[in-house]
Amino acid sequence: MKLSGALVFALVAVQAAVLLSAVPSAQASELQVGYYSKKCKGLENVVKWHVVKALKANRRTGAALVRLLFHDCFVRGCDGSVLLDKSYDNPNPEKNAPVNIGLAAFDLLEEIKAAVEDRCPGVVSCSDILIFAARDAASALSNGHVHFDVPAGRLDGFVSKAEEAQAELPDSTDDVEKLIANFARKNFTVEELVILSGAHSIGQGHCSSFTGRLSEPADQITPAYRELLKYKCSSGSNPPVVNNVRDEDYNTVGRFMPGFVSRLRKVPDFLDNSYYHNNLAKIVTFHSDWTLLTQKEALGHVHEYADNGTLWDEDFSDSLVKLSKLPMPAGSKGEIRKKCSISNHRLY
Ligand code: HEM
């Protein structure tokens with residue numbers, strides 16, 4: 001195709017404008033608590049209001065936000081790359097990666113972004129909104145036990161590739177050594193791997209994420225729980241099942257694990273250290289959860305957090321802050337997106 005001189009000029013001009021509006025991403029040390037206190041007064045209250053409203057309608061949305069923080073920050077740092085939809089220029093974004101199965105709460109983040117844009121146009125990044133929202137969700141789901149200040153000032157990135165998400169994020173079939181190596185690549189310790197895995201006290205997973213568990217031997221998964229999972233998975237085509245058996249419905253637990261009914265929770269999706277009790281009892285869904293029991297240091301920390309819920313609340317808060325500081329690759333540029341699902345300029 002032959003482009004006219006005027007069209008070429010226009011394209012070059014747009015590209016130059018994009019380059020000028022893109023700025024270098026912040027380093028972790030440059031993020032600041034209270035970054036928006038003058039730039040966008042009341043921002044954190046606006047985010048919280050929307051998160052609390054969404055959780056009142058459906059507590060499960062909170063789990064989706066906490067997982068989004070992890071899946072955004074582990075891939076190219078916390079840059080909102082996981083929020084980008086596929087586009088003409090980028091047909092295969094992170095969202096398409098198999099490892100990102102079940103990600104949700106995108107609409108909520110877009111709703112919050114629209115409200116924030118009304119208040120302070122062009123000032124607040126989607127990547128910061130995601131961290132604030134995940135923090136508020138974690139706090140609400142733990143009755144305030146998980147809490148932390150969010151250092152802010154992130155920019156939204158331009159790059160989002162499914163293959164990168166698939167390579168960077170851990171898989172539910174991974175063994176402990178692979179998980180440890182994966183977390184070490186991002187400078188996270190074995191202890192932090194164990195702490196962060198505690199997030200699986202909330203939310204859900206699709207049956208395809210734990211198919212292998214359904215045929216693991218009795219020393220790896222409690223047989224009654226394995227039968228419960230098989231039963232749940234037979235009820236449809238790859239249905240989601242709650243991560244925490246304490247959130248399971250009364251009748252199903254009564255049928256497969258009658259001794260456990262008294263431990264069911266009245267309020268589901270409560271973010272606490274129950275994951276560690278479940279793990280020691282071999283009633284967790286993912287192989288990547290159970291495998292933590294097979295490595296000495298990791299097992300020690302599973303015991304430590306099973307014994308001390310308050311310590312876990314504190315250490316989980318600190319580990320989320322550490323996750324939220326993962327930077328974009330050196331030399332990356334960013335922008336403040338107008339909408340979280342699309343870059344401002346198509347040419348990027
Ligand atoms: C250690 C490695 C990890 C692996 C292999 C892993 C894997 C998974 C998988 C397979 C699912 C279910 C997806 C589906 O089938 O729909 C899931 C759900 C979840 N994960 Fe992880 N995860 C890991 C660590 C983490 C971390 C570090 C966090 C957050 C700090 C986290 C938070 C969650 C939450 C909250 C859910 C439920 C999401 C929802 O209900 O929408 N996970 N994880």
# chains A, B, ... in the order shown; residues from 1 in each chain; ligands from 1

call {"tool": "residues_near_ligand", "arguments": {"ligand": "ligand 1", "cutoff": "8 Å", "atoms": "only C-alpha atoms and all ligand atoms", "output": "ChimeraX atom specification"}}
result
/A:60-71,99-104,169-174,179,193-194,196-210,240,242-243,286,288-289,320

call {"tool": "write_last_selection", "arguments": {"atoms": "C-alpha atoms", "output": "compact mmCIF listing (two decimals), in the first residue's frame"}}
result
# COMPACT_ATOMS: atom_id res chain seq x y z
CA ARG A 60 -15.71 -12.89 45.64
CA THR A 61 -14.71 -9.75 43.73
CA GLY A 62 -12.26 -9.07 46.55
CA ALA A 63 -10.35 -12.27 45.81
CA ALA A 64 -10.19 -11.32 42.15
CA LEU A 65 -8.59 -7.98 43.04
CA VAL A 66 -5.97 -9.56 45.31
CA ARG A 67 -5.04 -12.05 42.56
CA LEU A 68 -4.89 -9.24 39.97
CA LEU A 69 -2.29 -7.43 42.05
CA PHE A 70 -0.10 -10.55 41.97
CA HIS A 71 -0.64 -11.22 38.27
CA VAL A 99 -2.15 -19.12 33.45
CA ASN A 100 -4.47 -16.11 33.72
CA ILE A 101 -7.59 -18.29 33.67
CA GLY A 102 -10.37 -16.86 35.82
CA LEU A 103 -9.01 -13.31 36.23
CA ALA A 104 -11.88 -10.97 37.01
CA LEU A 169 3.78 -16.60 36.54
CA PRO A 170 3.87 -19.83 38.57
CA ASP A 171 1.66 -22.73 37.55
CA SER A 172 -0.65 -24.68 39.83
CA THR A 173 1.11 -27.93 38.81
CA ASP A 174 4.59 -26.67 39.79
CA LEU A 179 8.03 -22.27 42.79
CA LEU A 193 6.35 -17.66 48.86
CA VAL A 194 4.66 -19.37 51.81
CA LEU A 196 1.77 -15.04 49.77
CA SER A 197 0.33 -18.49 49.05
CA GLY A 198 -1.90 -17.86 52.07
CA ALA A 199 -4.02 -15.73 49.71
CA HIS A 200 -5.61 -19.04 48.72
CA SER A 201 -7.74 -18.84 51.85
CA ILE A 202 -10.14 -16.90 49.58
CA GLY A 203 -11.57 -17.16 46.10
CA GLN A 204 -11.95 -20.01 43.71
CA GLY A 205 -10.23 -22.08 41.06
CA HIS A 206 -11.43 -23.88 37.95
CA CYS A 207 -11.34 -27.67 37.93
CA SER A 208 -8.79 -27.59 35.09
CA SER A 209 -6.40 -25.90 37.54
CA PHE A 210 -6.35 -28.97 39.78
CA PRO A 240 -15.06 -23.07 39.49
CA VAL A 242 -14.01 -22.57 46.17
CA ASN A 243 -10.33 -22.58 47.20
CA PHE A 286 -3.72 -26.87 44.00
CA SER A 288 1.38 -25.88 44.19
CA ASP A 289 -0.19 -25.49 47.65
CA LEU A 320 1.82 -7.35 49.32

call {"tool": "select_by_dssp", "arguments": {"residues": "range 204-293 of chain A", "states": "strand (DSSP E or B)", "output": "list in words"}}
result
Gln204, Gly205, His206, Pro240, Val241, Val242, Asn244 and Val284 of chain A

call {"tool": "select_by_dssp", "arguments": {"residues": "range 56-274 of chain A", "states": "alpha helix (DSSP H)", "output": "PyMOL selection string"}}
result
chain A and resi 56-57+60-73+106-119+126-141+162-168+176-185+190-197+223-233+250-256+274

call {"tool": "closest_residue", "arguments": {"among": "A:Lys86, A:His301, A:Arg265, A:Lys338", "to": "Asn279 in chain A", "atoms": "only C-alpha atoms"}}
result
A:His301

call {"tool": "residues_around", "arguments": {"residues": "range 291-294 of chain A", "least_positions_apart": "4", "cutoff": "8 Å", "atoms": "only C-alpha atoms", "output": "PyMOL selection string"}}
result
chain A and resi 175-176+194+279-280+287+298-299+302

call {"tool": "write_last_selection", "arguments": {"atoms": "all heavy atoms", "output": "PDB file, in the first residue's frame"}}
result
ATOM      1  N   ASP A 175       6.121 -27.976  41.139  1.00  0.00           N
ATOM      2  CA  ASP A 175       6.666 -28.505  42.393  1.00  0.00           C
ATOM      3  C   ASP A 175       7.360 -27.389  43.149  1.00  0.00           C
ATOM      4  O   ASP A 175       7.671 -26.336  42.590  1.00  0.00           O
ATOM      5  CB  ASP A 175       7.652 -29.645  42.102  1.00  0.00           C
ATOM      6  CG  ASP A 175       6.928 -30.961  41.847  1.00  0.00           C
ATOM      7  OD1 ASP A 175       5.909 -31.207  42.542  1.00  0.00           O
ATOM      8  OD2 ASP A 175       7.347 -31.698  40.951  1.00  0.00           O
ATOM      9  N   VAL A 176       7.651 -27.669  44.430  1.00  0.00           N
ATOM     10  CA  VAL A 176       8.148 -26.605  45.305  1.00  0.00           C
ATOM     11  C   VAL A 176       9.446 -25.983  44.794  1.00  0.00           C
ATOM     12  O   VAL A 176       9.616 -24.759  44.860  1.00  0.00           O
ATOM     13  CB  VAL A 176       8.285 -27.116  46.768  1.00  0.00           C
ATOM     14  CG1 VAL A 176       9.413 -28.111  46.935  1.00  0.00           C
ATOM     15  CG2 VAL A 176       8.438 -25.963  47.732  1.00  0.00           C
ATOM     16  N   VAL A 194       5.641 -18.735  50.910  1.00  0.00           N
ATOM     17  CA  VAL A 194       4.661 -19.370  51.805  1.00  0.00           C
ATOM     18  C   VAL A 194       3.644 -18.332  52.285  1.00  0.00           C
ATOM     19  O   VAL A 194       2.429 -18.588  52.299  1.00  0.00           O
ATOM     20  CB  VAL A 194       5.381 -20.047  52.996  1.00  0.00           C
ATOM     21  CG1 VAL A 194       4.368 -20.573  54.007  1.00  0.00           C
ATOM     22  CG2 VAL A 194       6.281 -21.172  52.500  1.00  0.00           C
ATOM     23  N   ASN A 279      -3.833 -26.695  54.608  1.00  0.00           N
ATOM     24  CA  ASN A 279      -2.708 -27.320  53.907  1.00  0.00           C
ATOM     25  C   ASN A 279      -2.153 -28.489  54.734  1.00  0.00           C
ATOM     26  O   ASN A 279      -1.934 -29.586  54.205  1.00  0.00           O
ATOM     27  CB  ASN A 279      -1.613 -26.278  53.619  1.00  0.00           C
ATOM     28  CG  ASN A 279      -0.778 -26.657  52.397  1.00  0.00           C
ATOM     29  OD1 ASN A 279      -0.806 -27.808  51.960  1.00  0.00           O
ATOM     30  ND2 ASN A 279      -0.044 -25.719  51.854  1.00  0.00           N
ATOM     31  N   LEU A 280      -1.974 -28.257  56.031  1.00  0.00           N
ATOM     32  CA  LEU A 280      -1.440 -29.337  56.889  1.00  0.00           C
ATOM     33  C   LEU A 280      -2.407 -30.521  56.936  1.00  0.00           C
ATOM     34  O   LEU A 280      -1.994 -31.672  57.081  1.00  0.00           O
ATOM     35  CB  LEU A 280      -1.162 -28.804  58.300  1.00  0.00           C
ATOM     36  CG  LEU A 280       0.036 -27.831  58.375  1.00  0.00           C
ATOM     37  CD1 LEU A 280       0.082 -27.118  59.728  1.00  0.00           C
ATOM     38  CD2 LEU A 280       1.353 -28.557  58.103  1.00  0.00           C
ATOM     39  N   HIS A 287      -1.901 -28.395  43.489  1.00  0.00           N
ATOM     40  CA  HIS A 287      -0.654 -29.117  43.758  1.00  0.00           C
ATOM     41  C   HIS A 287       0.390 -28.132  44.304  1.00  0.00           C
ATOM     42  O   HIS A 287       1.173 -28.460  45.202  1.00  0.00           O
ATOM     43  CB  HIS A 287      -0.152 -29.768  42.461  1.00  0.00           C
ATOM     44  CG  HIS A 287       1.130 -30.509  42.622  1.00  0.00           C
ATOM     45  ND1 HIS A 287       1.197 -31.804  43.088  1.00  0.00           N
ATOM     46  CD2 HIS A 287       2.421 -30.115  42.413  1.00  0.00           C
ATOM     47  CE1 HIS A 287       2.467 -32.184  43.145  1.00  0.00           C
ATOM     48  NE2 HIS A 287       3.227 -31.172  42.747  1.00  0.00           N
ATOM     49  N   ALA A 298      10.022 -24.388  53.814  1.00  0.00           N
ATOM     50  CA  ALA A 298       8.635 -23.996  53.509  1.00  0.00           C
ATOM     51  C   ALA A 298       7.675 -24.620  54.531  1.00  0.00           C
ATOM     52  O   ALA A 298       6.776 -23.948  55.059  1.00  0.00           O
ATOM     53  CB  ALA A 298       8.271 -24.409  52.087  1.00  0.00           C
ATOM     54  N   LEU A 299       7.897 -25.904  54.816  1.00  0.00           N
ATOM     55  CA  LEU A 299       7.029 -26.592  55.785  1.00  0.00           C
ATOM     56  C   LEU A 299       7.089 -25.905  57.153  1.00  0.00           C
ATOM     57  O   LEU A 299       6.060 -25.721  57.815  1.00  0.00           O
ATOM     58  CB  LEU A 299       7.436 -28.065  55.897  1.00  0.00           C
ATOM     59  CG  LEU A 299       6.705 -28.882  56.959  1.00  0.00           C
ATOM     60  CD1 LEU A 299       5.198 -28.954  56.659  1.00  0.00           C
ATOM     61  CD2 LEU A 299       7.269 -30.312  57.046  1.00  0.00           C
ATOM     62  N   VAL A 302       4.898 -22.988  57.010  1.00  0.00           N
ATOM     63  CA  VAL A 302       3.472 -23.364  57.019  1.00  0.00           C
ATOM     64  C   VAL A 302       3.023 -23.572  58.472  1.00  0.00           C
ATOM     65  O   VAL A 302       1.979 -23.066  58.898  1.00  0.00           O
ATOM     66  CB  VAL A 302       3.206 -24.632  56.162  1.00  0.00           C
ATOM     67  CG1 VAL A 302       1.764 -25.113  56.345  1.00  0.00           C
ATOM     68  CG2 VAL A 302       3.486 -24.360  54.688  1.00  0.00           C
TER      69      VAL A 302
END

call {"tool": "atom_distance", "arguments": {"atom1": "CA of Glu335 in chain A", "atom2": "CA of Val23 in chain A"}}
result
6.4 Å

call {"tool": "residues_around", "arguments": {"residues": "Phe316 in chain A", "least_positions_apart": "5", "cutoff": "10 Å", "atoms": "only C-alpha atoms", "output": "list in words"}}
result
Ala138, His145, Val146, His147, Phe148, Glu192, Val194, Ile195, Leu196, Ser197, Gly198, Ala199, Asp272, Asn273, Thr310, Leu311, Val321 and Lys322 of chain A

call {"tool": "residues_around", "arguments": {"residues": "range 105-117 of chain A", "least_positions_apart": "2", "cutoff": "9 Å", "atoms": "only C-alpha atoms", "output": "PDB file with N, CA and C atoms, in the first residue's frame"}}
result
ATOM      1  N   CYS A  40      -4.645  14.665  43.580  1.00  0.00           N
ATOM      2  CA  CYS A  40      -6.038  14.212  43.414  1.00  0.00           C
ATOM      3  C   CYS A  40      -6.627  13.942  44.793  1.00  0.00           C
ATOM      4  N   LEU A  43      -8.733  10.771  46.504  1.00  0.00           N
ATOM      5  CA  LEU A  43      -8.659   9.619  45.597  1.00  0.00           C
ATOM      6  C   LEU A  43      -8.853   8.282  46.327  1.00  0.00           C
ATOM      7  N   VAL A  46     -12.334   7.515  47.172  1.00  0.00           N
ATOM      8  CA  VAL A  46     -13.165   7.154  46.007  1.00  0.00           C
ATOM      9  C   VAL A  46     -12.963   5.669  45.683  1.00  0.00           C
ATOM     10  N   VAL A  47     -11.691   5.241  45.642  1.00  0.00           N
ATOM     11  CA  VAL A  47     -11.407   3.838  45.316  1.00  0.00           C
ATOM     12  C   VAL A  47     -12.072   2.930  46.355  1.00  0.00           C
ATOM     13  N   HIS A  50     -15.859   2.449  46.050  1.00  0.00           N
ATOM     14  CA  HIS A  50     -16.277   1.535  44.972  1.00  0.00           C
ATOM     15  C   HIS A  50     -15.981   0.075  45.342  1.00  0.00           C
ATOM     16  N   VAL A  51     -14.843  -0.141  46.002  1.00  0.00           N
ATOM     17  CA  VAL A  51     -14.481  -1.526  46.367  1.00  0.00           C
ATOM     18  C   VAL A  51     -15.465  -2.056  47.417  1.00  0.00           C
ATOM     19  N   ALA A  54     -18.712  -2.884  45.807  1.00  0.00           N
ATOM     20  CA  ALA A  54     -18.631  -4.113  44.990  1.00  0.00           C
ATOM     21  C   ALA A  54     -18.603  -5.363  45.881  1.00  0.00           C
ATOM     22  N   THR A  61     -15.451 -10.763  44.499  1.00  0.00           N
ATOM     23  CA  THR A  61     -14.713  -9.753  43.730  1.00  0.00           C
ATOM     24  C   THR A  61     -13.426  -9.362  44.454  1.00  0.00           C
ATOM     25  N   GLY A  62     -13.449  -9.429  45.778  1.00  0.00           N
ATOM     26  CA  GLY A  62     -12.256  -9.067  46.552  1.00  0.00           C
ATOM     27  C   GLY A  62     -11.101 -10.004  46.236  1.00  0.00           C
ATOM     28  N   ALA A  64     -10.652 -11.621  43.516  1.00  0.00           N
ATOM     29  CA  ALA A  64     -10.194 -11.321  42.150  1.00  0.00           C
ATOM     30  C   ALA A  64      -9.212 -10.147  42.160  1.00  0.00           C
ATOM     31  N   LEU A  65      -9.483  -9.144  42.984  1.00  0.00           N
ATOM     32  CA  LEU A  65      -8.593  -7.978  43.041  1.00  0.00           C
ATOM     33  C   LEU A  65      -7.229  -8.344  43.622  1.00  0.00           C
ATOM     34  N   LEU A  68      -5.327 -10.150  41.039  1.00  0.00           N
ATOM     35  CA  LEU A  68      -4.889  -9.244  39.967  1.00  0.00           C
ATOM     36  C   LEU A  68      -3.611  -8.510  40.345  1.00  0.00           C
ATOM     37  N   LEU A  83      -4.234  -5.470  32.528  1.00  0.00           N
ATOM     38  CA  LEU A  83      -5.571  -4.902  32.305  1.00  0.00           C
ATOM     39  C   LEU A  83      -5.853  -4.633  30.828  1.00  0.00           C
ATOM     40  N   LEU A 103      -9.192 -14.699  35.747  1.00  0.00           N
ATOM     41  CA  LEU A 103      -9.008 -13.315  36.233  1.00  0.00           C
ATOM     42  C   LEU A 103     -10.326 -12.555  36.076  1.00  0.00           C
ATOM     43  N   ARG A 119     -13.009  13.100  38.382  1.00  0.00           N
ATOM     44  CA  ARG A 119     -12.533  13.949  39.477  1.00  0.00           C
ATOM     45  C   ARG A 119     -11.207  14.626  39.134  1.00  0.00           C
ATOM     46  N   CYS A 120     -10.267  13.851  38.617  1.00  0.00           N
ATOM     47  CA  CYS A 120      -8.933  14.405  38.309  1.00  0.00           C
ATOM     48  C   CYS A 120      -8.443  13.792  36.998  1.00  0.00           C
ATOM     49  N   PRO A 121      -8.836  14.382  35.876  1.00  0.00           N
ATOM     50  CA  PRO A 121      -8.493  13.775  34.584  1.00  0.00           C
ATOM     51  C   PRO A 121      -6.986  13.696  34.331  1.00  0.00           C
ATOM     52  N   GLY A 122      -6.571  12.528  33.838  1.00  0.00           N
ATOM     53  CA  GLY A 122      -5.180  12.371  33.384  1.00  0.00           C
ATOM     54  C   GLY A 122      -4.127  12.341  34.467  1.00  0.00           C
ATOM     55  N   VAL A 123      -4.539  12.072  35.710  1.00  0.00           N
ATOM     56  CA  VAL A 123      -3.568  12.186  36.815  1.00  0.00           C
ATOM     57  C   VAL A 123      -3.212  10.837  37.447  1.00  0.00           C
ATOM     58  N   VAL A 124      -4.207   9.939  37.539  1.00  0.00           N
ATOM     59  CA  VAL A 124      -4.007   8.718  38.331  1.00  0.00           C
ATOM     60  C   VAL A 124      -3.887   7.500  37.399  1.00  0.00           C
ATOM     61  N   SER A 125      -2.824   6.735  37.575  1.00  0.00           N
ATOM     62  CA  SER A 125      -2.612   5.574  36.696  1.00  0.00           C
ATOM     63  C   SER A 125      -3.528   4.407  37.094  1.00  0.00           C
ATOM     64  N   CYS A 126      -3.807   3.568  36.117  1.00  0.00           N
ATOM     65  CA  CYS A 126      -4.599   2.353  36.390  1.00  0.00           C
ATOM     66  C   CYS A 126      -3.815   1.415  37.288  1.00  0.00           C
ATOM     67  N   ILE A 129      -4.384   2.503  40.752  1.00  0.00           N
ATOM     68  CA  ILE A 129      -5.771   2.206  41.164  1.00  0.00           C
ATOM     69  C   ILE A 129      -5.900   0.730  41.529  1.00  0.00           C
ATOM     70  N   LEU A 130      -5.262  -0.135  40.717  1.00  0.00           N
ATOM     71  CA  LEU A 130      -5.320  -1.580  40.998  1.00  0.00           C
ATOM     72  C   LEU A 130      -4.737  -1.897  42.377  1.00  0.00           C
ATOM     73  N   ALA A 133      -7.066  -0.656  45.118  1.00  0.00           N
ATOM     74  CA  ALA A 133      -8.287  -1.470  45.183  1.00  0.00           C
ATOM     75  C   ALA A 133      -8.001  -2.835  45.810  1.00  0.00           C
ATOM     76  N   LYS A 338      -6.240   6.607  29.805  1.00  0.00           N
ATOM     77  CA  LYS A 338      -7.583   7.177  30.003  1.00  0.00           C
ATOM     78  C   LYS A 338      -8.562   6.076  30.402  1.00  0.00           C
ATOM     79  N   LYS A 339      -8.396   4.920  29.779  1.00  0.00           N
ATOM     80  CA  LYS A 339      -9.186   3.733  30.157  1.00  0.00           C
ATOM     81  C   LYS A 339      -8.195   2.621  30.463  1.00  0.00           C
ATOM     82  N   CYS A 340      -8.520   1.788  31.453  1.00  0.00           N
ATOM     83  CA  CYS A 340      -7.530   0.803  31.888  1.00  0.00           C
ATOM     84  C   CYS A 340      -7.303  -0.309  30.860  1.00  0.00           C
ATOM     85  N   SER A 341      -8.297  -0.535  29.990  1.00  0.00           N
ATOM     86  CA  SER A 341      -8.191  -1.674  29.078  1.00  0.00           C
ATOM     87  C   SER A 341      -7.512  -1.332  27.754  1.00  0.00           C
TER      88      SER A 341
END

call {"tool": "atom_distance", "arguments": {"atom1": "CA of Leu326 in chain A", "atom2": "CA of Gln32 in chain A"}}
result
13.8 Å

call {"tool": "residues_around", "arguments": {"residues": "Val159 in chain A", "least_positions_apart": "3", "cutoff": "12 Å", "atoms": "only C-alpha atoms", "output": "JSON, numbers by chain"}}
result
{"A": [72, 75, 76, 77, 78, 79, 80, 81, 82, 83, 84, 85, 86, 87, 89, 90, 91, 92, 93, 94, 156, 162, 163, 164, 165, 328, 329, 332, 333, 334, 335, 342, 343, 346, 347, 348]}

call {"tool": "write_last_selection", "arguments": {"atoms": "C-alpha atoms", "output": "CSV table (one decimal), in the first residue's frame"}}
result
chain,number,residue,atom,x,y,z
A,72,ASP,CA,0.0,-7.6,37.3
A,75,VAL,CA,4.8,-9.6,34.9
A,76,ARG,CA,6.8,-6.5,33.8
A,77,GLY,CA,6.2,-5.0,37.3
A,78,CYS,CA,3.1,-3.2,38.5
A,79,ASP,CA,2.2,-1.4,35.3
A,80,GLY,CA,-1.4,-2.4,34.6
A,81,SER,CA,-0.2,-4.6,31.7
A,82,VAL,CA,-2.7,-7.3,32.8
A,83,LEU,CA,-5.6,-4.9,32.3
A,84,LEU,CA,-5.0,-4.3,28.6
A,85,ASP,CA,-7.5,-5.8,26.2
A,86,LYS,CA,-6.4,-7.3,22.9
A,87,SER,CA,-6.2,-4.7,20.1
A,89,ASP,CA,-1.6,-3.9,17.4
A,90,ASN,CA,-1.6,-6.4,20.2
A,91,PRO,CA,-3.8,-9.5,19.4
A,92,ASN,CA,-2.4,-11.6,22.3
A,93,PRO,CA,-2.2,-9.7,25.6
A,94,GLU,CA,-1.5,-11.1,29.1
A,156,ASP,CA,0.8,2.4,33.0
A,162,ALA,CA,0.5,-13.5,26.8
A,163,GLU,CA,3.7,-15.4,26.4
A,164,GLU,CA,5.5,-13.3,29.0
A,165,ALA,CA,2.7,-13.9,31.5
A,328,MET,CA,8.8,-2.1,35.2
A,329,PRO,CA,11.8,-3.4,33.2
A,332,SER,CA,10.5,1.3,30.2
A,333,LYS,CA,8.2,4.2,29.5
A,334,GLY,CA,4.7,4.7,30.7
A,335,GLU,CA,1.6,6.9,30.6
A,342,ILE,CA,-6.6,0.3,26.2
A,343,SER,CA,-3.4,2.3,25.7
A,346,ARG,CA,-2.9,2.8,19.1
A,347,LEU,CA,0.5,3.2,17.5
A,348,TYR,CA,2.3,1.8,20.5

call {"tool": "residues_around", "arguments": {"residues": "Ile180 in chain A", "least_positions_apart": "2", "cutoff": "8 Å", "atoms": "only C-alpha atoms", "output": "VMD selection string"}}
result
chain A and resid 176 to 178 182 to 184 189 to 190 193

call {"tool": "write_last_selection", "arguments": {"atoms": "C-alpha atoms", "output": "PDB file, in the first residue's frame"}}
result
ATOM      1  CA  VAL A 176       8.148 -26.605  45.305  1.00  0.00           C
ATOM      2  CA  GLU A 177      11.638 -26.214  43.813  1.00  0.00           C
ATOM      3  CA  LYS A 178      10.181 -24.617  40.695  1.00  0.00           C
ATOM      4  CA  ASN A 182      10.205 -18.602  40.251  1.00  0.00           C
ATOM      5  CA  PHE A 183       9.800 -16.392  43.318  1.00  0.00           C
ATOM      6  CA  ALA A 184      13.585 -16.013  43.718  1.00  0.00           C
ATOM      7  CA  THR A 189      12.246 -15.668  49.627  1.00  0.00           C
ATOM      8  CA  VAL A 190      10.879 -19.114  50.464  1.00  0.00           C
ATOM      9  CA  LEU A 193       6.352 -17.661  48.856  1.00  0.00           C
TER      10      LEU A 193
END

call {"tool": "decode", "arguments": {"residues": "range 77-101 of chain A", "atoms": "C-alpha atoms", "output": "tab-separated table (two decimals), in the first residue's frame"}}
result
chain	number	residue	atom	x	y	z
A	77	GLY	CA	6.24	-5.02	37.30
A	78	CYS	CA	3.09	-3.25	38.47
A	79	ASP	CA	2.23	-1.44	35.25
A	80	GLY	CA	-1.39	-2.36	34.58
A	81	SER	CA	-0.23	-4.61	31.71
A	82	VAL	CA	-2.67	-7.32	32.81
A	83	LEU	CA	-5.57	-4.90	32.31
A	84	LEU	CA	-4.99	-4.30	28.58
A	85	ASP	CA	-7.48	-5.83	26.15
A	86	LYS	CA	-6.41	-7.30	22.86
A	87	SER	CA	-6.16	-4.73	20.09
A	88	TYR	CA	-5.27	-4.47	16.43
A	89	ASP	CA	-1.61	-3.87	17.37
A	90	ASN	CA	-1.57	-6.43	20.16
A	91	PRO	CA	-3.76	-9.48	19.45
A	92	ASN	CA	-2.38	-11.62	22.29
A	93	PRO	CA	-2.17	-9.67	25.58
A	94	GLU	CA	-1.49	-11.10	29.06
A	95	LYS	CA	-5.20	-11.68	29.64
A	96	ASN	CA	-5.11	-14.44	26.98
A	97	ALA	CA	-2.46	-16.51	28.78
A	98	PRO	CA	-3.76	-19.87	30.06
A	99	VAL	CA	-2.15	-19.12	33.45
A	100	ASN	CA	-4.47	-16.11	33.72
A	101	ILE	CA	-7.59	-18.29	33.67
